[in-house]
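Enquirer: My structure file work-v3.cif, mmCIF, C-alpha atoms, is below:
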data_model
loop_
_atom_site.group_PDB
_atom_site.id
_atom_site.type_symbol
_atom_site.label_atom_id
_atom_site.label_comp_id
_atom_site.auth_asym_id
_atom_site.auth_seq_id
_atom_site.Cartn_x
_atom_site.Cartn_y
_atom_site.Cartn_z
ATOM 1 C CA MET A 217 -29.085 28.102 -14.461
ATOM 2 C CA PRO A 218 -32.036 25.821 -13.580
ATOM 3 C CA GLN A 219 -32.053 22.045 -13.682
ATOM 4 C CA SER A 220 -32.493 21.161 -17.333
ATOM 5 C CA ASP A 221 -34.547 17.983 -17.261
ATOM 6 C CA LEU A 222 -36.489 15.619 -15.005
ATOM 7 C CA THR A 223 -36.135 15.591 -11.228
ATOM 8 C CA LEU A 224 -33.541 13.255 -9.734
ATOM 9 C CA ALA A 225 -36.284 10.957 -8.403
ATOM 10 C CA GLU A 226 -37.731 10.712 -11.916
ATOM 11 C CA LEU A 227 -34.290 10.155 -13.461
ATOM 12 C CA VAL A 228 -33.464 7.271 -11.126
ATOM 13 C CA ASP A 229 -36.476 5.374 -12.506
ATOM 14 C CA TYR A 230 -36.197 6.647 -16.085
ATOM 15 C CA ARG A 231 -36.312 3.663 -18.442
ATOM 16 C CA PRO A 232 -37.613 4.896 -21.784
ATOM 17 C CA SER A 233 -38.270 2.871 -24.884
ATOM 18 C CA VAL A 234 -35.199 3.325 -27.105
ATOM 19 C CA GLU A 235 -35.335 2.153 -30.722
ATOM 20 C CA GLU A 236 -33.091 -0.884 -31.172
ATOM 21 C CA PRO A 237 -32.646 -2.362 -34.662
ATOM 22 C CA GLU A 238 -33.151 -6.111 -34.986
ATOM 23 C CA ASP A 239 -29.766 -6.441 -36.688
ATOM 24 C CA PHE A 240 -27.886 -4.219 -34.188
ATOM 25 C CA ASP A 241 -25.554 -7.006 -33.028
ATOM 26 C CA ASP A 242 -25.019 -8.350 -36.516
ATOM 27 C CA PHE A 243 -24.237 -4.880 -37.863
ATOM 28 C CA TRP A 244 -21.463 -4.361 -35.340
ATOM 29 C CA ARG A 245 -20.144 -7.931 -35.644
ATOM 30 C CA ARG A 246 -19.806 -7.408 -39.387
ATOM 31 C CA SER A 247 -18.230 -3.988 -38.913
ATOM 32 C CA LEU A 248 -15.612 -5.408 -36.558
ATOM 33 C CA ALA A 249 -15.030 -8.439 -38.784
ATOM 34 C CA ASP A 250 -14.398 -6.131 -41.745
ATOM 35 C CA ALA A 251 -11.924 -4.148 -39.645
ATOM 36 C CA HIS A 252 -10.096 -7.324 -38.628
ATOM 37 C CA GLN A 253 -9.425 -8.135 -42.269
ATOM 38 C CA ILE A 254 -6.756 -5.424 -42.131
ATOM 39 C CA SER A 255 -3.678 -6.159 -40.022
ATOM 40 C CA GLN A 256 -2.995 -3.671 -37.237
ATOM 41 C CA GLN A 257 0.693 -2.721 -37.675
ATOM 42 C CA ALA A 258 0.636 0.079 -35.105
ATOM 43 C CA THR A 259 3.763 2.246 -34.897
ATOM 44 C CA TYR A 260 5.251 4.283 -32.038
ATOM 45 C CA THR A 261 7.635 7.212 -32.231
ATOM 46 C CA SER A 262 9.332 8.868 -29.267
ATOM 47 C CA TRP A 263 8.142 12.425 -28.728
ATOM 48 C CA ASP A 264 10.849 15.073 -28.453
ATOM 49 C CA GLY A 265 9.227 17.637 -26.192
ATOM 50 C CA PRO A 266 9.766 19.321 -22.842
ATOM 51 C CA ILE A 267 8.210 16.557 -20.718
ATOM 52 C CA ARG A 268 10.975 14.485 -19.103
ATOM 53 C CA GLU A 269 9.554 12.704 -16.048
ATOM 54 C CA VAL A 270 7.129 10.532 -18.039
ATOM 55 C CA LEU A 271 7.530 8.786 -21.396
ATOM 56 C CA VAL A 272 5.514 10.143 -24.307
ATOM 57 C CA GLU A 273 5.091 8.273 -27.589
ATOM 58 C CA ASP A 274 3.275 9.290 -30.767
ATOM 59 C CA MET A 275 1.200 6.285 -31.816
ATOM 60 C CA THR A 276 -0.313 5.639 -35.230
ATOM 61 C CA PHE A 277 -2.694 2.702 -35.549
ATOM 62 C CA ARG A 278 -4.973 1.447 -38.296
ATOM 63 C CA GLY A 279 -8.624 2.217 -37.678
ATOM 64 C CA TYR A 280 -11.676 1.962 -39.911
ATOM 65 C CA ALA A 281 -10.754 0.806 -43.454
ATOM 66 C CA GLY A 282 -7.111 0.775 -42.393
ATOM 67 C CA ASP A 283 -7.034 4.565 -42.127
ATOM 68 C CA PRO A 284 -4.130 5.881 -40.020
ATOM 69 C CA VAL A 285 -5.330 7.298 -36.694
ATOM 70 C CA ARG A 286 -3.081 9.083 -34.208
ATOM 71 C CA ALA A 287 -2.916 8.748 -30.429
ATOM 72 C CA TRP A 288 -0.661 9.772 -27.569
ATOM 73 C CA VAL A 289 0.776 7.135 -25.242
ATOM 74 C CA VAL A 290 1.860 8.678 -21.935
ATOM 75 C CA ARG A 291 3.312 6.407 -19.234
ATOM 76 C CA PRO A 292 5.562 6.383 -16.175
ATOM 77 C CA ARG A 293 9.276 5.922 -16.678
ATOM 78 C CA GLY A 294 10.890 2.740 -15.404
ATOM 79 C CA ALA A 295 7.637 0.827 -14.928
ATOM 80 C CA ALA A 296 7.047 -2.693 -16.212
ATOM 81 C CA VAL A 297 3.501 -3.860 -16.965
ATOM 82 C CA LEU A 298 0.703 -1.477 -15.969
ATOM 83 C CA PRO A 299 -3.057 -1.040 -16.382
ATOM 84 C CA ALA A 300 -4.088 1.348 -19.156
ATOM 85 C CA VAL A 301 -6.725 4.059 -19.436
ATOM 86 C CA VAL A 302 -7.759 4.669 -23.046
ATOM 87 C CA GLU A 303 -9.384 8.071 -23.368
ATOM 88 C CA PHE A 304 -11.730 9.311 -26.100
ATOM 89 C CA VAL A 305 -12.165 13.066 -26.309
ATOM 90 C CA GLY A 306 -15.096 15.465 -26.476
ATOM 91 C CA TYR A 307 -16.824 16.879 -29.527
ATOM 92 C CA ASN A 308 -14.614 18.785 -31.965
ATOM 93 C CA GLY A 309 -11.534 18.268 -29.809
ATOM 94 C CA GLY A 310 -8.415 16.354 -30.784
ATOM 95 C CA ARG A 311 -5.765 14.487 -28.859
ATOM 96 C CA GLY A 312 -4.198 17.882 -28.113
ATOM 97 C CA LEU A 313 -0.687 18.154 -26.699
ATOM 98 C CA PRO A 314 0.969 15.632 -24.354
ATOM 99 C CA GLU A 315 1.191 18.295 -21.659
ATOM 100 C CA GLU A 316 -2.601 18.116 -21.413
ATOM 101 C CA HIS A 317 -2.492 14.433 -20.426
ATOM 102 C CA LEU A 318 -0.241 13.878 -17.410
ATOM 103 C CA ARG A 319 -2.603 12.953 -14.550
ATOM 104 C CA TRP A 320 -3.189 9.281 -15.325
ATOM 105 C CA ALA A 321 0.504 8.582 -15.933
ATOM 106 C CA ALA A 322 1.348 10.379 -12.697
ATOM 107 C CA SER A 323 -1.105 8.007 -10.986
ATOM 108 C CA GLY A 324 0.586 4.851 -12.312
ATOM 109 C CA TYR A 325 -1.352 4.150 -15.500
ATOM 110 C CA VAL A 326 -0.502 3.954 -19.160
ATOM 111 C CA HIS A 327 -2.654 6.715 -20.656
ATOM 112 C CA VAL A 328 -3.620 6.470 -24.326
ATOM 113 C CA VAL A 329 -5.516 9.415 -25.880
ATOM 114 C CA MET A 330 -7.164 8.835 -29.270
ATOM 115 C CA ASP A 331 -7.367 11.569 -31.869
ATOM 116 C CA THR A 332 -10.924 11.740 -33.254
ATOM 117 C CA ARG A 333 -10.884 11.606 -37.049
ATOM 118 C CA GLY A 334 -11.992 14.746 -38.809
ATOM 119 C CA GLN A 335 -12.274 16.757 -35.582
ATOM 120 C CA GLY A 336 -9.740 18.607 -33.447
ATOM 121 C CA SER A 337 -10.172 22.273 -34.313
ATOM 122 C CA GLY A 338 -12.773 23.465 -31.821
ATOM 123 C CA TRP A 339 -10.840 23.593 -28.531
ATOM 124 C CA GLY A 340 -7.697 22.334 -26.783
ATOM 125 C CA GLY A 341 -4.375 21.640 -28.469
ATOM 126 C CA GLY A 342 -5.759 20.435 -31.795
ATOM 127 C CA GLY A 343 -5.915 17.167 -33.722
ATOM 128 C CA ALA A 344 -3.892 15.407 -36.375
ATOM 129 C CA THR A 345 -6.184 12.786 -37.976
ATOM 130 C CA PRO A 346 -8.223 13.492 -41.131
ATOM 131 C CA ASP A 347 -11.391 11.648 -42.122
ATOM 132 C CA PRO A 348 -10.786 10.735 -45.776
ATOM 133 C CA HIS A 349 -14.303 9.423 -46.413
ATOM 134 C CA GLY A 350 -16.772 11.678 -48.192
ATOM 135 C CA THR A 351 -20.463 11.878 -47.334
ATOM 136 C CA GLY A 352 -23.688 13.205 -48.776
ATOM 137 C CA PRO A 353 -25.238 16.570 -47.912
ATOM 138 C CA ALA A 354 -24.579 17.433 -44.273
ATOM 139 C CA LEU A 355 -24.748 20.296 -41.818
ATOM 140 C CA ASP A 356 -21.462 21.764 -40.602
ATOM 141 C CA GLY A 357 -20.119 19.651 -37.751
ATOM 142 C CA VAL A 358 -20.047 15.836 -37.880
ATOM 143 C CA MET A 359 -23.439 14.796 -36.463
ATOM 144 C CA THR A 360 -25.087 14.487 -39.889
ATOM 145 C CA ARG A 361 -22.168 13.236 -41.991
ATOM 146 C CA GLY A 362 -23.329 10.133 -43.846
ATOM 147 C CA ILE A 363 -26.535 10.007 -41.814
ATOM 148 C CA GLU A 364 -28.450 8.545 -44.771
ATOM 149 C CA SER A 365 -27.369 5.028 -43.718
ATOM 150 C CA PRO A 366 -25.758 3.265 -40.738
ATOM 151 C CA THR A 367 -23.088 1.978 -43.113
ATOM 152 C CA THR A 368 -21.983 5.467 -44.152
ATOM 153 C CA TYR A 369 -22.594 7.316 -40.880
ATOM 154 C CA TYR A 370 -19.588 9.161 -39.475
ATOM 155 C CA TYR A 371 -19.681 7.506 -36.044
ATOM 156 C CA ARG A 372 -19.370 4.042 -37.534
ATOM 157 C CA ARG A 373 -15.840 5.000 -38.502
ATOM 158 C CA VAL A 374 -15.119 6.563 -35.109
ATOM 159 C CA PHE A 375 -16.458 3.607 -33.113
ATOM 160 C CA ILE A 376 -14.407 1.146 -35.164
ATOM 161 C CA ASP A 377 -11.332 3.355 -34.670
ATOM 162 C CA ALA A 378 -11.943 3.187 -30.925
ATOM 163 C CA ALA A 379 -12.423 -0.578 -30.836
ATOM 164 C CA ARG A 380 -9.259 -1.092 -32.885
ATOM 165 C CA LEU A 381 -7.330 1.123 -30.475
ATOM 166 C CA ILE A 382 -8.486 -0.875 -27.440
ATOM 167 C CA GLU A 383 -7.337 -4.045 -29.205
ATOM 168 C CA ALA A 384 -3.974 -2.482 -30.102
ATOM 169 C CA VAL A 385 -3.408 -1.251 -26.542
ATOM 170 C CA ARG A 386 -4.041 -4.759 -25.191
ATOM 171 C CA GLU A 387 -1.066 -5.914 -27.291
ATOM 172 C CA LEU A 388 1.402 -3.348 -25.929
ATOM 173 C CA PRO A 389 4.222 -5.087 -24.002
ATOM 174 C CA PHE A 390 3.978 -2.610 -21.111
ATOM 175 C CA VAL A 391 0.179 -2.960 -20.716
ATOM 176 C CA ASP A 392 -1.689 -5.589 -18.712
ATOM 177 C CA ALA A 393 -4.225 -6.755 -21.319
ATOM 178 C CA GLU A 394 -6.731 -7.701 -18.604
ATOM 179 C CA ARG A 395 -6.731 -4.183 -17.144
ATOM 180 C CA VAL A 396 -7.594 -1.865 -20.031
ATOM 181 C CA VAL A 397 -10.155 0.846 -19.230
ATOM 182 C CA ALA A 398 -12.320 2.788 -21.705
ATOM 183 C CA SER A 399 -12.934 6.384 -20.654
ATOM 184 C CA GLY A 400 -14.121 9.709 -21.991
ATOM 185 C CA THR A 401 -16.097 12.867 -21.404
ATOM 186 C CA SER A 402 -19.161 13.902 -23.433
ATOM 187 C CA GLN A 403 -18.580 12.513 -26.951
ATOM 188 C CA GLY A 404 -15.720 10.503 -25.446
ATOM 189 C CA GLY A 405 -18.111 8.970 -22.920
ATOM 190 C CA GLY A 406 -20.425 7.891 -25.729
ATOM 191 C CA ILE A 407 -17.492 6.329 -27.571
ATOM 192 C CA ALA A 408 -16.433 4.524 -24.377
ATOM 193 C CA LEU A 409 -19.934 3.037 -24.058
ATOM 194 C CA ALA A 410 -19.767 1.883 -27.681
ATOM 195 C CA VAL A 411 -16.513 -0.019 -27.247
ATOM 196 C CA ALA A 412 -17.744 -1.491 -23.968
ATOM 197 C CA GLY A 413 -20.798 -2.844 -25.760
ATOM 198 C CA MET A 414 -18.815 -4.121 -28.732
ATOM 199 C CA LEU A 415 -15.811 -5.666 -26.981
ATOM 200 C CA GLY A 416 -17.308 -7.183 -23.832
ATOM 201 C CA ASP A 417 -14.710 -8.558 -21.422
ATOM 202 C CA ARG A 418 -11.843 -7.133 -23.452
ATOM 203 C CA VAL A 419 -12.633 -3.930 -21.548
ATOM 204 C CA ALA A 420 -11.940 -4.132 -17.809
ATOM 205 C CA ALA A 421 -13.883 -1.022 -16.741
ATOM 206 C CA VAL A 422 -15.712 1.942 -18.279
ATOM 207 C CA LEU A 423 -15.697 5.602 -17.230
ATOM 208 C CA PRO A 424 -18.428 7.461 -19.201
ATOM 209 C CA ASN A 425 -18.312 11.048 -17.952
ATOM 210 C CA VAL A 426 -21.446 13.090 -18.866
ATOM 211 C CA PRO A 427 -21.772 10.813 -21.943
ATOM 212 C CA PHE A 428 -23.075 12.214 -25.211
ATOM 213 C CA LEU A 429 -24.640 10.135 -28.053
ATOM 214 C CA CYS A 430 -27.380 8.556 -25.929
ATOM 215 C CA HIS A 431 -31.196 8.423 -26.318
ATOM 216 C CA PHE A 432 -31.093 10.308 -29.615
ATOM 217 C CA ARG A 433 -34.839 10.819 -30.008
ATOM 218 C CA ARG A 434 -35.231 12.695 -26.729
ATOM 219 C CA SER A 435 -31.887 14.468 -26.990
ATOM 220 C CA VAL A 436 -32.487 15.845 -30.472
ATOM 221 C CA SER A 437 -36.015 16.920 -29.525
ATOM 222 C CA LEU A 438 -35.057 18.762 -26.323
ATOM 223 C CA ALA A 439 -31.452 19.944 -26.605
ATOM 224 C CA THR A 440 -31.173 23.632 -27.414
ATOM 225 C CA SER A 441 -27.478 23.673 -28.352
ATOM 226 C CA ARG A 442 -25.002 21.759 -30.441
ATOM 227 C CA PRO A 443 -24.103 19.037 -31.105
ATOM 228 C CA PHE A 444 -27.605 17.493 -30.888
ATOM 229 C CA SER A 445 -29.215 20.552 -32.481
ATOM 230 C CA GLU A 446 -27.244 19.806 -35.664
ATOM 231 C CA VAL A 447 -29.583 16.884 -36.248
ATOM 232 C CA ALA A 448 -32.669 19.013 -35.563
ATOM 233 C CA ASP A 449 -31.421 21.685 -37.977
ATOM 234 C CA TYR A 450 -30.773 19.026 -40.624
ATOM 235 C CA LEU A 451 -34.289 17.611 -40.246
ATOM 236 C CA ALA A 452 -35.789 21.092 -40.479
ATOM 237 C CA VAL A 453 -34.510 21.056 -44.079
ATOM 238 C CA HIS A 454 -34.784 17.328 -44.861
ATOM 239 C CA ARG A 455 -38.353 17.050 -43.614
ATOM 240 C CA SER A 456 -39.108 13.635 -45.090
ATOM 241 C CA ALA A 457 -36.005 12.014 -43.576
ATOM 242 C CA VAL A 458 -37.102 11.943 -39.915
ATOM 243 C CA ASP A 459 -37.780 8.209 -39.666
ATOM 244 C CA SER A 460 -34.700 7.176 -41.646
ATOM 245 C CA VAL A 461 -32.409 9.502 -39.681
ATOM 246 C CA PHE A 462 -33.522 8.184 -36.309
ATOM 247 C CA HIS A 463 -33.265 4.633 -37.613
ATOM 248 C CA THR A 464 -29.635 5.315 -38.553
ATOM 249 C CA LEU A 465 -28.952 6.879 -35.160
ATOM 250 C CA SER A 466 -30.393 3.869 -33.339
ATOM 251 C CA TYR A 467 -27.331 1.850 -34.388
ATOM 252 C CA PHE A 468 -25.139 4.350 -32.530
ATOM 253 C CA ASP A 469 -27.191 4.982 -29.406
ATOM 254 C CA GLY A 470 -25.187 4.628 -26.205
ATOM 255 C CA ALA A 471 -28.240 3.181 -24.468
ATOM 256 C CA ASN A 472 -28.178 0.212 -26.853
ATOM 257 C CA PHE A 473 -24.450 -0.353 -26.326
ATOM 258 C CA ALA A 474 -24.945 -0.042 -22.560
ATOM 259 C CA ALA A 475 -27.440 -2.911 -22.650
ATOM 260 C CA ARG A 476 -24.616 -5.138 -23.944
ATOM 261 C CA ALA A 477 -21.778 -3.950 -21.713
ATOM 262 C CA THR A 478 -20.416 -6.278 -19.044
ATOM 263 C CA ALA A 479 -17.528 -4.299 -17.510
ATOM 264 C CA PRO A 480 -17.914 -2.356 -14.248
ATOM 265 C CA ALA A 481 -18.832 1.273 -14.959
ATOM 266 C CA LEU A 482 -18.732 4.628 -13.200
ATOM 267 C CA PHE A 483 -20.943 7.207 -14.939
ATOM 268 C CA SER A 484 -21.387 10.879 -14.134
ATOM 269 C CA VAL A 485 -24.142 13.380 -14.847
ATOM 270 C CA GLY A 486 -24.725 17.087 -14.262
ATOM 271 C CA LEU A 487 -28.354 17.905 -13.489
ATOM 272 C CA MET A 488 -27.967 21.412 -14.967
ATOM 273 C CA ASP A 489 -26.439 20.103 -18.203
ATOM 274 C CA GLU A 490 -27.952 21.828 -21.239
ATOM 275 C CA VAL A 491 -25.714 20.046 -23.786
ATOM 276 C CA VAL A 492 -26.346 16.435 -22.755
ATOM 277 C CA MET A 493 -29.774 15.935 -21.233
ATOM 278 C CA PRO A 494 -29.508 14.177 -17.839
ATOM 279 C CA SER A 495 -32.355 11.871 -18.893
ATOM 280 C CA SER A 496 -30.245 10.637 -21.816
ATOM 281 C CA VAL A 497 -27.442 9.702 -19.402
ATOM 282 C CA PHE A 498 -29.861 7.857 -17.131
ATOM 283 C CA ALA A 499 -31.399 6.134 -20.153
ATOM 284 C CA ALA A 500 -27.980 4.553 -20.783
ATOM 285 C CA PHE A 501 -27.119 4.025 -17.111
ATOM 286 C CA ASN A 502 -30.411 2.294 -16.305
ATOM 287 C CA ARG A 503 -29.922 -0.083 -19.257
ATOM 288 C CA TYR A 504 -26.291 -0.818 -18.428
ATOM 289 C CA ALA A 505 -26.007 -4.596 -18.198
ATOM 290 C CA ALA A 506 -23.272 -5.012 -15.567
ATOM 291 C CA ALA A 507 -24.311 -5.298 -11.942
ATOM 292 C CA ASP A 508 -21.289 -3.251 -10.880
ATOM 293 C CA ARG A 509 -22.363 0.195 -12.013
ATOM 294 C CA GLU A 510 -22.479 3.547 -10.274
ATOM 295 C CA ILE A 511 -23.420 7.093 -11.252
ATOM 296 C CA ALA A 512 -22.035 10.254 -9.690
ATOM 297 C CA VAL A 513 -24.693 12.978 -9.686
ATOM 298 C CA TYR A 514 -23.581 16.620 -9.667
ATOM 299 C CA GLU A 515 -26.775 18.440 -8.766
ATOM 300 C CA PHE A 516 -25.630 21.999 -9.450
ATOM 301 C CA ASN A 517 -23.264 21.406 -12.368
ATOM 302 C CA GLY A 518 -23.768 21.523 -16.091
ATOM 303 C CA HIS A 519 -21.804 19.818 -18.832
ATOM 304 C CA GLU A 520 -18.556 20.305 -16.928
ATOM 305 C CA GLY A 521 -19.786 17.678 -14.463
ATOM 306 C CA GLY A 522 -17.471 16.970 -11.534
ATOM 307 C CA GLU A 523 -14.214 17.938 -13.295
ATOM 308 C CA LEU A 524 -11.105 17.164 -11.174
ATOM 309 C CA GLN A 525 -13.168 16.101 -8.170
ATOM 310 C CA HIS A 526 -14.761 13.466 -10.358
ATOM 311 C CA TRP A 527 -11.357 12.369 -11.688
ATOM 312 C CA GLU A 528 -10.244 11.779 -8.095
ATOM 313 C CA ARG A 529 -13.344 9.644 -7.611
ATOM 314 C CA GLN A 530 -12.496 7.705 -10.801
ATOM 315 C CA VAL A 531 -8.982 6.983 -9.518
ATOM 316 C CA ALA A 532 -10.298 5.684 -6.185
ATOM 317 C CA TRP A 533 -13.012 3.646 -7.912
ATOM 318 C CA LEU A 534 -10.537 2.007 -10.300
ATOM 319 C CA LYS A 535 -8.144 1.215 -7.465
ATOM 320 C CA GLN A 536 -10.838 -0.955 -5.893
ATOM 321 C CA ARG A 537 -11.360 -2.901 -9.140
ATOM 322 C CA LEU A 538 -7.958 -3.126 -10.832
#
Please render this file's structure as structure tokens.
Expert:
Amino acid sequence: MPQSDLTLAELVDYRPSVEEPEDFDDFWRRSLADAHQISQQATYTSWDGPIREVLVEDMTFRGYAGDPVRAWVVRPRGAAVLPAVVEFVGYNGGRGLPEEHLRWAASGYVHVVMDTRGQGSGWGGGGATPDPHGTGPALDGVMTRGIESPTTYYYRRVFIDAARLIEAVRELPFVDAERVVASGTSQGGGIALAVAGMLGDRVAAVLPNVPFLCHFRRSVSLATSRPFSEVADYLAVHRSAVDSVFHTLSYFDGANFAARATAPALFSVGLMDEVVMPSSVFAAFNRYAAADREIAVYEFNGHEGGELQHWERQVAWLKQRL
């Protein structure tokens, strides 16, 4: 498998022009303000499963429009107040089973894994959160749901869910509110960038691993596989919608959120990635506003990135900052 994009030397200096709407900040301020009109009222239920050496709780919190969204909370037994890693999952995955999420708790963190609304049937242990909001004509998958407008676009609901979860986790009695980390791989990395840009210093650090949802114009034009190709396939039918579709997507571009993020960040990228173009990752990384930012480059890896070796690097990196 050859390298899929620019050379590393070109990527290091890659700073493309990314469409940024004039009302980007106002759009997200209003979206969060609307969400805050609904009280949180998160609930937690003990999980009766085979895991005994860590505590597992089934969390339900109120996301976009007050919709119930599920999450797992996995944490060490007998601990008092700990830092938390909030994880957002990859495309078409769900929160899965608690047995899939033991590493962070075993390393001394509260680990919270958000179910992604309307997804969860493509891989892993499944999901449990529906998306009750209808949309106009769309391709199968979620990339084009509600794409006619930023207000109706699917990822507006997901990003507000994620921001509401970060806020709810900061209120947990066993979590240090000043040490809450946003993390995720692929789609989850894009969601982590979004909450970092929206919430500012309410996020202590960000771990975007091979992040998806960045530099939409280039990604849709060059990617040969889903999820980005869903948008290309949609535009092949809706030929007159090109400008309006990319205008909608500009409100959700990880590069625009990165330009507003202030928390330390550790990115990763695989130079043979054919799902997420390496240039799209560097477009976000090179716009990331915090001075404390690093990117781990896996020269001969694809969308799997650094896998467990990268997780070990994340643990060491967080230890230095939290």
Enquirer: Once the PyMOL selection byres ((chain A and resi 418) around 10) has been applied to the shown file, what residues remain in the selection, as a PyMOL selection string?
Expert: chain A and resi 379+382-383+386+393-397+411-412+414-417+419-421+478-479
Enquirer: Save out the residues we just selected, C-alpha atoms, as a PDB file, keeping the file's coordinate frame.
Expert:
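Dumped everything to again-v2.pdb:
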ATOM      1  CA  ALA A 379     -12.423  -0.578 -30.836  1.00  0.00           C
ATOM      2  CA  ILE A 382      -8.486  -0.875 -27.440  1.00  0.00           C
ATOM      3  CA  GLU A 383      -7.337  -4.045 -29.205  1.00  0.00           C
ATOM      4  CA  ARG A 386      -4.041  -4.759 -25.191  1.00  0.00           C
ATOM      5  CA  ALA A 393      -4.225  -6.755 -21.319  1.00  0.00           C
ATOM      6  CA  GLU A 394      -6.731  -7.701 -18.604  1.00  0.00           C
ATOM      7  CA  ARG A 395      -6.731  -4.183 -17.144  1.00  0.00           C
ATOM      8  CA  VAL A 396      -7.594  -1.865 -20.031  1.00  0.00           C
ATOM      9  CA  VAL A 397     -10.155   0.846 -19.230  1.00  0.00           C
ATOM     10  CA  VAL A 411     -16.513  -0.019 -27.247  1.00  0.00           C
ATOM     11  CA  ALA A 412     -17.744  -1.491 -23.968  1.00  0.00           C
ATOM     12  CA  MET A 414     -18.815  -4.121 -28.732  1.00  0.00           C
ATOM     13  CA  LEU A 415     -15.811  -5.666 -26.981  1.00  0.00           C
ATOM     14  CA  GLY A 416     -17.308  -7.183 -23.832  1.00  0.00           C
ATOM     15  CA  ASP A 417     -14.710  -8.558 -21.422  1.00  0.00           C
ATOM     16  CA  VAL A 419     -12.633  -3.930 -21.548  1.00  0.00           C
ATOM     17  CA  ALA A 420     -11.940  -4.132 -17.809  1.00  0.00           C
ATOM     18  CA  ALA A 421     -13.883  -1.022 -16.741  1.00  0.00           C
ATOM     19  CA  THR A 478     -20.416  -6.278 -19.044  1.00  0.00           C
ATOM     20  CA  ALA A 479     -17.528  -4.299 -17.510  1.00  0.00           C
TER      21      ALA A 479
END
Enquirer: Just the residues within 7 Å of stretch 325-334 of chain A, please, counting only C-alpha atoms, with nothing from its chain fewer than 6 positions along; format it as a count of residues only.
Expert: 22
Enquirer: Sorted by chain and rising residue number, list the residues of stretch 349-435 of chain A at most 7 Å from stretch 443-459 of chain A (counting only C-alpha atoms), each with its closest atom pair and distance in Å to one decimal, as a Markdown table.
Expert:
| residue | atom | partner | partner_atom | distance |
| --- | --- | --- | --- | --- |
| A:Leu355 | CA | A:Tyr450 | CA | 6.3 |
| A:Met359 | CA | A:Glu446 | CA | 6.3 |
| A:Thr360 | CA | A:Val447 | CA | 6.3 |
| A:Ser435 | CA | A:Phe444 | CA | 6.5 |
Enquirer: Looking at A:Gln219, A:Asn472, A:Ser495, A:Ser247, which one is nearest to A:Arg231, with distances taken over only C-alpha atoms?
Expert: A:Ser495
Enquirer: Which residue, A:Gly352, A:Gly470, A:Pro427, A:Pro494, has the smallest gap to A:Ala410 when you use only C-alpha atoms?
Expert: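 Nearest candidate to A:Ala410 out of A:Gly352, A:Gly470, A:Pro427, A:Pro494: A:Gly470.
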Enquirer: My list of candidates is A:Ile376, A:Val497, A:Leu381, A:Ala532. Which is closest to A:Gln256 when distances are computed with only C-alpha atoms?
Expert: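 Closest to A:Gln256, using only C-alpha atoms: A:Leu381.
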Enquirer: Can you measure atom CA of A:Ala398 to atom CA of A:Gln253 for me? One decimal in Å is fine.
Expert: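 So the two atoms, atom CA of A:Ala398 and atom CA of A:Gln253, lie 23.5 Å apart.
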Enquirer: Which distance in Å separates atom CA of A:Arg503 and atom CA of A:Leu222, to one decimal?
Expert: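 Value for the atom CA of A:Arg503-atom CA of A:Leu222 distance: 17.5 Å.
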Enquirer: Quick one, how far is atom CA of A:Pro480 from atom CA of A:Ala507?
Expert: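 Atom-to-atom, atom CA of A:Pro480 and atom CA of A:Ala507 are spaced 7.4 Å apart.
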Enquirer: Nearest to A:Phe462 among A:Gly282, A:Gly312, A:Pro366, A:Pro266, with distances taken over only C-alpha atoms: which residue is it?
Expert: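 That would be A:Pro366, the residue with the smallest distance to A:Phe462.
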